[in-house]
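Novice: To start, I am sharing the structure in question, which I have written as structure tokens.
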Amino acid sequence: MYSRAYKTAVAVPPLVWIAVFLVAPYAFLFCYSFWTVSQQAILHHWNLGNYRQLLENSMYPMVLLRSMRIAGSVTALSLLLSFPLAYYLSFHSKRKELLYQLVIIPLWVSYLVRAYAWKTILGSDGVLNTLLQYVHLTNHPLDFLLYSPFAVVLTLTHIYTPFTILPIYASLEHIPRNLVEASHDLGATPAQTFWKVIFPLSIPGVVAGATFAFVLSLGDFLAPLLLGGPSGIMISNIVVSLFGAAYNWPLGAAISLVMLVIVVSLLFMSERLEKRWSFS
Amino acid sequence: MISSAQPAAESSTAETGGTEPLLSLRSIAKRFGSTTVLRDVSLDVAAGELLTILGESGSGKTTLLRLIAGFERPDGGEIYMGGERLDPLPPHRRRVNTVFQNYALFPHLSVFENVAYGLRVRKVTRPEIPKRVEQALALVKMTEFAARAPAQLSGGQQQRIALARALINQPKLLLLDEPLSALDANLRRQMQQELKSLQREVGISFVFVTHDQEEAMALSDRIALLRSGQLEQVAVPREIYNNPATAYTARFIGQTNLLRGRIENGLAQCGTLQWRSKVPDGPATFSIRPENIRLCDPAAAADSVRFRAVILNQTFGGPTDLLEVSCPDGRVLLVRVASRGNLAGECDFEFNAGDAIHVKD
């Protein structure tokens, strides 16, 4: 059908794009992770020292684990918030369009603005503390609200919940309504219909949403920086400092690669799960 | 076709008028926004009957079915089942099951689990389930497919599973929403026969929605013809075909010729055609089926109406040919004759006055 020249012309731009923006950076990262740094100079001595350091220095596994815990909490909270909303939107709302837009709107607002907003709300003389003191629930500002893993989880949940709502909503919209009617018709109560038909068929959306929330939170850097404090440091903050002030690119590259492997395996698993539960 | 012997089923349903009907619709009305979909529909379904709701798309037939199933609530009127009010009940509390147009099998469940669904949600005891699923699958000859996923089945097979899934609940009434419309012609005819014998076997009342008048005639004990949300005529197939009450019915069910004319002094006059009629004087419309008009027989009956017409067109239809003929007054009529090679030019035709059925316009 198409000439050889045409096929080549079509293939070149994406291939160049992939080479420049994906293959090359990861190849560099890969190489760096096996090099060493000595007296502010990067030495091209191939060795496994960086990876050994990651295992031996307990701080790295600890921060990685904390990052996963925070990402896990964000995922769980996002799902808890978004499923009921997506379900209501898809099955019971008479004003779908409007509510859908309301969900989308925060995505147009800069991430930074939303993170700073939480800082204003959670700070020691912030909105929340002022309110709590005003209604005499407490007589001194609660200082665990800001600069804690709690603040990070709260902020990330707020920021990433739309990312879980959208795929769940999409998967609920894809459920043929006559399946719901068939279930009622066969004698199932609304609750039985939900658990036996609607929920199982929404699993691809739930998995996709969970993956979004988890992966985006796991690698997040701004929320812990702005709201996390020392106890809320996450793995990306460490990578950033290794590439910056600490000037240890090889170690930073090694951590990045470990993260990459984790994320890629997660994406792979979530894809398999989604496939397992898709039927159209 | 001309035989007057009627199958037992047809006459038996005609007699059920005296006993309590299984399902009774009384003055049902349904509106969606400002559109009236159903208006004053009253209809009874007898126990063990196969009733077809026939109508064009948009006539409200599917809405009527959905009202019986409980997916919609009527805006007026009541529905009774076995003497008890049905319309306030939610679908899951009605002893009514539905076979959906595109089957609506649960894609995430196996054939076995699809069929078992009704038993599981009704908390039928565990040991009983496999036995009853097996029976239901045997009923539709699908036993060996229990472990399959619905997506691995053909349209006809999915159809059978949908039937088994509905029948396992032992409903008092089975609703079928154009269940055969997605099947090809041969399979469709086969499934019509199977459905009919299945219905006799289980003895459950079927309410069958279709837009296909041939299917309705082949399948039904009675046909309810719906037109723009109102019942046009409810009768056994033979009656509705031979004695259509209205011009619409006559045209919708089978082919027909509608003759518009006047009755004067007991004489029906439609253009150049005239015959004796018992219909009161005034304007009148008659329906004559194409197969009731024939080429002139020299030794014709005394009451036959004769006319000369030019053959415009001849369509071969296997055992019969359909002719399009033009009368001297310009009227074009359809005539069905036994196939006998090509006809052309002017011919003499006739029909019996008794076959001109007076219909309401």
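Letters A, B, ... go to the chains of the structure tokens in the order shown; residues in each chain start at 1; ligands are counted from 1 in the same order.
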May I ask you to extract the residues of chain A within 6 Å of chain B, using only C-alpha atoms, and to give them as a list in words?
Specialist: Asn178, Leu179, His184, Asp185, Leu186, Gly187 and Ala188 of chain A
Novice: List the spatial neighbours of B:Gln192 as an MDAnalysis selection string - criterion: any atom at most 8 Å away, only C-alpha atoms, same-chain residues fewer than 3 positions off excluded.
Specialist: chainID B and resid 180 188:189 195:196 215 218:219
Novice: For the selection just defined, write its residues with N, CA and C atoms to a file, as a CSV table (one decimal), in the first residue's frame.
Specialist:
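Written out: again-v3.csv:
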```csv
chain,number,residue,atom,x,y,z
B,180,LEU,N,-34.5,-12.5,19.0
B,180,LEU,CA,-33.9,-13.1,17.8
B,180,LEU,C,-33.4,-12.2,16.8
B,188,ARG,N,-32.6,-17.9,13.0
B,188,ARG,CA,-33.7,-17.3,13.5
B,188,ARG,C,-35.0,-18.1,13.5
B,189,ARG,N,-35.2,-18.7,12.3
B,189,ARG,CA,-36.4,-19.6,12.1
B,189,ARG,C,-36.2,-20.8,13.0
B,195,LEU,N,-38.0,-21.9,20.6
B,195,LEU,CA,-38.7,-21.1,21.6
B,195,LEU,C,-40.1,-21.6,21.9
B,196,LYS,N,-40.8,-21.8,20.8
B,196,LYS,CA,-42.2,-22.2,20.9
B,196,LYS,C,-42.3,-23.5,21.6
B,215,GLU,N,-42.5,-13.2,12.2
B,215,GLU,CA,-42.1,-13.9,13.5
B,215,GLU,C,-43.3,-14.0,14.4
B,218,ALA,N,-45.7,-16.6,13.3
B,218,ALA,CA,-45.2,-18.0,13.4
B,218,ALA,C,-45.2,-18.5,14.9
B,219,LEU,N,-45.1,-17.5,15.8
B,219,LEU,CA,-44.8,-17.9,17.2
B,219,LEU,C,-45.9,-17.8,18.1
```
Novice: Excluding stretch 50-59 of chain A and its own-chain neighbours fewer than 5 positions away, which residues fall within 7 Å of it when counting only C-alpha atoms? Please give them as an mmCIF file with C-alpha atoms, in the first residue's frame.
Specialist:
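Once everything was written out, this is result-v6.cif:
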```
data_model
loop_
_atom_site.group_PDB
_atom_site.id
_atom_site.type_symbol
_atom_site.label_atom_id
_atom_site.label_comp_id
_atom_site.auth_asym_id
_atom_site.auth_seq_id
_atom_site.Cartn_x
_atom_site.Cartn_y
_atom_site.Cartn_z
ATOM 1 C CA SER A 33 24.970 4.381 38.397
ATOM 2 C CA PHE A 34 28.066 2.189 37.934
ATOM 3 C CA PRO A 250 26.377 8.126 40.554
ATOM 4 C CA LEU A 251 24.518 7.355 43.789
ATOM 5 C CA ALA A 254 21.536 4.210 41.227
#
```
Novice: In stretch 193-330 of chain B, what's strand (DSSP E) per DSSP? Answer as a PyMOL selection string?
Specialist: chain B and resi 205-210+222-227+230-235+257-264+267-270+273-276+282-288+293-295+304-317+320-326
Novice: Store the residues of this selection in a file with C-alpha atoms, as an mmCIF file, in the first residue's frame.
Specialist:
```
data_model
loop_
_atom_site.group_PDB
_atom_site.id
_atom_site.type_symbol
_atom_site.label_atom_id
_atom_site.label_comp_id
_atom_site.auth_asym_id
_atom_site.auth_seq_id
_atom_site.Cartn_x
_atom_site.Cartn_y
_atom_site.Cartn_z
ATOM 1 C CA SER B 205 -46.318 -17.410 29.892
ATOM 2 C CA PHE B 206 -44.089 -15.633 27.404
ATOM 3 C CA VAL B 207 -44.476 -12.012 26.397
ATOM 4 C CA PHE B 208 -42.445 -11.574 23.269
ATOM 5 C CA VAL B 209 -41.610 -8.205 21.738
ATOM 6 C CA THR B 210 -40.837 -8.012 18.041
ATOM 7 C CA ARG B 222 -52.057 -13.996 20.330
ATOM 8 C CA ILE B 223 -50.647 -10.830 18.841
ATOM 9 C CA ALA B 224 -51.050 -7.393 20.391
ATOM 10 C CA LEU B 225 -50.368 -4.809 17.727
ATOM 11 C CA LEU B 226 -49.102 -1.537 19.137
ATOM 12 C CA ARG B 227 -49.275 1.666 17.141
ATOM 13 C CA GLN B 230 -51.840 2.518 21.681
ATOM 14 C CA LEU B 231 -53.129 -0.978 21.096
ATOM 15 C CA GLU B 232 -54.457 -1.259 17.576
ATOM 16 C CA GLN B 233 -55.745 -4.819 17.768
ATOM 17 C CA VAL B 234 -55.276 -7.872 19.974
ATOM 18 C CA ALA B 235 -56.165 -11.220 18.439
ATOM 19 C CA ASN B 257 -54.753 -3.837 -1.053
ATOM 20 C CA LEU B 258 -56.740 -1.045 0.535
ATOM 21 C CA LEU B 259 -59.784 -0.008 -1.458
ATOM 22 C CA ARG B 260 -61.399 3.277 -0.465
ATOM 23 C CA GLY B 261 -64.928 3.877 -1.711
ATOM 24 C CA ARG B 262 -68.574 4.386 -0.729
ATOM 25 C CA ILE B 263 -71.467 2.194 0.215
ATOM 26 C CA GLU B 264 -74.771 3.169 -1.300
ATOM 27 C CA LEU B 267 -73.668 -1.662 -2.818
ATOM 28 C CA ALA B 268 -69.949 -1.095 -2.256
ATOM 29 C CA GLN B 269 -68.444 1.076 -4.959
ATOM 30 C CA CYS B 270 -64.687 1.495 -5.309
ATOM 31 C CA LEU B 273 -65.382 -2.210 -8.863
ATOM 32 C CA GLN B 274 -68.655 -2.883 -7.109
ATOM 33 C CA TRP B 275 -70.181 -5.585 -4.998
ATOM 34 C CA ARG B 276 -72.965 -6.197 -2.512
ATOM 35 C CA GLY B 282 -71.312 5.957 3.692
ATOM 36 C CA PRO B 283 -67.577 6.082 2.948
ATOM 37 C CA ALA B 284 -65.766 2.814 3.635
ATOM 38 C CA THR B 285 -62.357 1.161 3.314
ATOM 39 C CA PHE B 286 -61.844 -2.475 2.396
ATOM 40 C CA SER B 287 -58.786 -4.689 2.607
ATOM 41 C CA ILE B 288 -58.233 -7.463 0.102
ATOM 42 C CA ILE B 293 -57.438 -12.031 -6.025
ATOM 43 C CA ARG B 294 -57.011 -14.542 -8.825
ATOM 44 C CA LEU B 295 -56.876 -14.767 -12.569
ATOM 45 C CA SER B 304 -67.140 -12.855 -7.572
ATOM 46 C CA VAL B 305 -66.090 -9.343 -8.487
ATOM 47 C CA ARG B 306 -64.407 -9.169 -11.863
ATOM 48 C CA PHE B 307 -62.170 -6.602 -13.387
ATOM 49 C CA ARG B 308 -59.739 -6.176 -16.226
ATOM 50 C CA ALA B 309 -56.247 -4.901 -15.492
ATOM 51 C CA VAL B 310 -52.884 -4.430 -17.120
ATOM 52 C CA ILE B 311 -49.928 -6.258 -15.612
ATOM 53 C CA LEU B 312 -47.249 -3.745 -14.700
ATOM 54 C CA ASN B 313 -44.781 -5.915 -12.883
ATOM 55 C CA GLN B 314 -44.228 -9.523 -11.908
ATOM 56 C CA THR B 315 -42.018 -10.623 -9.030
ATOM 57 C CA PHE B 316 -41.052 -14.270 -8.750
ATOM 58 C CA GLY B 317 -41.431 -15.534 -5.193
ATOM 59 C CA THR B 320 -46.133 -17.807 -5.958
ATOM 60 C CA ASP B 321 -45.664 -14.707 -8.073
ATOM 61 C CA LEU B 322 -46.638 -11.241 -6.976
ATOM 62 C CA LEU B 323 -48.234 -9.164 -9.717
ATOM 63 C CA GLU B 324 -48.682 -5.454 -9.751
ATOM 64 C CA VAL B 325 -51.686 -4.672 -11.911
ATOM 65 C CA SER B 326 -53.294 -1.448 -13.011
#
```
Novice: Kindly give the distance, in Å, that separates atom CA of A:Thr130 and atom CA of A:Ala223, rounded to a single decimal.
Specialist: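 Answer for the atom CA of A:Thr130 to atom CA of A:Ala223 separation: 22.5 Å.
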Novice: So how far away is atom CA of A:Arg177 from atom CA of B:Ala147, in Å?
Specialist: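 These two atoms are separated by 24.9 Å.
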Novice: Do a neighbour search on A:Leu112 at 9 Å with only C-alpha atoms, toss out local chain neighbours closer than 4 positions, and write the hits as a ChimeraX atom specification.
Specialist: /A:116-117,222-223
Novice: Interatomic distance between atom CA of B:Met217 and atom CA of B:Asn242?
Specialist: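 Atom-to-atom, atom CA of B:Met217 to atom CA of B:Asn242, that is 11.9 Å.
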Novice: Taking only C-alpha atoms into account, which of B:Leu67, B:Ala356, B:Val45, B:Leu174 comes nearest B:Glu20?
Specialist: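 Looking at the shortest contact to B:Glu20, the residue is B:Val45.
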Novice: Point out the residue among B:Thr52, B:Thr272, B:Ser154, B:Glu144 with the least atom-to-atom distance to B:Asp329, counting only C-alpha atoms.
Specialist: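 Going through B:Thr52, B:Thr272, B:Ser154, B:Glu144 one by one, the smallest distance to B:Asp329 is for B:Thr272.
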Novice: Looking only at the backbone, which of the residues in stretch 41-122 of chain A does DSSP tag as alpha helix (DSSP H), as a ChimeraX atom specification?
Specialist: /A:49-56,59-87,96-104,111-122
Novice: Nearest to B:Asn292 among B:Gly77, B:Gly354, B:Gly156, B:Gly330, with distances taken over only C-alpha atoms: which residue is it?
Specialist: B:Gly354
